[in-house]
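Chemist: I'd like to ask you about the structure that follows.
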Amino acid sequence: MKNWFKQLPSNEALKKLRKNHLNPQAELLELAVKHNGYKLRCQANDAGAFRTKELEKEMNNLAQLKVDLMDARNSMHRFQTAVDICYECGFDEGALFLSMYVKLYDEFSRRGHLIPGYFD
């Protein structure tokens, strides 16, 4: 028998994200749904990956904003927590979408200081 009162995985994940003070991640998911779905800025064959050119562009944006490398590491951990929550709720599309940001902040925390203009 189907449970008509059970929340959709996306709604359950969004609620848990907010409960865990991950509002920026919840807002990103809501924007993705509103604008283009979860394949926003993703490769068609891998919903969890930025294209190389887009990854470099996003890393340059973070460098121009002078994002501290420790802050990037903290953001990576927050996005990883959000990914885990999405998987826990059965919201796989949301988890794959947010995993792009885990990769972005991981790459930036490892290579951000190498981007020209980072120390200007």
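Following the order of the structure tokens, chains are lettered A, B, ..., residues in each are numbered from 1, and ligands are numbered from 1.
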With segment 65-80 of chain A as the partner and 12 Å as the cut-off, tabulate the residues of segment 5-26 of chain A that qualify, each row holding the nearest pair of atoms and their distance in Å to one decimal, using only C-alpha atoms, sorted by chain and rising number, as CSV.

Modeler:
```
residue,atom,partner,partner_atom,distance
A:Leu17,CA,A:Arg78,CA,10.1
A:Asn20,CA,A:Arg78,CA,9.8
A:His21,CA,A:Arg78,CA,9.5
A:Leu22,CA,A:Arg78,CA,7.2
A:Asn23,CA,A:Arg78,CA,10.4
A:Pro24,CA,A:Phe79,CA,9.4
A:Gln25,CA,A:Phe79,CA,6.9
A:Ala26,CA,A:Phe79,CA,10.1
```

Chemist: Give me the residues within 7 Å of Pro9 of chain A as a ChimeraX atom specification, counting only C-alpha atoms and dropping any in the same chain fewer than 3 places off.

Modeler: /A:12-13,89-91

Chemist: Chain A: which residues are helix (DSSP H, G or I) by DSSP, as an MDAnalysis selection string?

Modeler: chainID A and resid 9:19 23:35 37:39 52:64 69:88 92:114

Chemist: Taking into account only C-alpha atoms, which residue in the set A:Asn60, A:Ser99, A:Thr52, A:Asn11 is nearest to Glu30 of chain A?

Modeler: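 Going through A:Asn60, A:Ser99, A:Thr52, A:Asn11 one by one, the smallest distance to Glu30 of chain A is for A:Asn11.
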
Chemist: Write down as a tab-separated table (two decimals) with N, CA and C atoms, in the first residue's frame the residues belonging to segment 27-116 of chain A that are assigned strand (DSSP E) by DSSP computed on the backbone.

Modeler:
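File selection36.tsv, as written:
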```
chain	number	residue	atom	x	y	z
A	42	CYS	N	26.19	20.77	-16.46
A	42	CYS	CA	26.80	19.45	-16.33
A	42	CYS	C	26.97	18.81	-17.70
A	43	GLN	N	27.83	17.86	-17.75
A	43	GLN	CA	27.94	17.06	-18.96
A	43	GLN	C	26.73	16.14	-19.04
A	46	ASP	N	27.37	12.72	-17.47
A	46	ASP	CA	27.79	12.65	-16.07
A	46	ASP	C	27.19	13.82	-15.32
A	47	ALA	N	26.06	13.60	-14.67
A	47	ALA	CA	25.32	14.66	-14.01
A	47	ALA	C	26.07	15.25	-12.82
A	48	GLY	N	27.18	14.66	-12.43
A	48	GLY	CA	27.89	15.16	-11.26
A	48	GLY	C	29.18	15.86	-11.58
A	49	ALA	N	29.41	16.24	-12.83
A	49	ALA	CA	30.71	16.82	-13.17
A	49	ALA	C	30.58	18.12	-13.94
A	50	PHE	N	31.33	19.12	-13.50
A	50	PHE	CA	31.48	20.33	-14.30
A	50	PHE	C	32.27	19.97	-15.55
```

Chemist: Would you mind listing what lies within 12 Å of Leu114 of chain A as a PyMOL selection string, with only C-alpha atoms counted and same-chain residues fewer than 5 positions away left out?

Modeler: chain A and resi 56+59-60+63+69+107-109+119
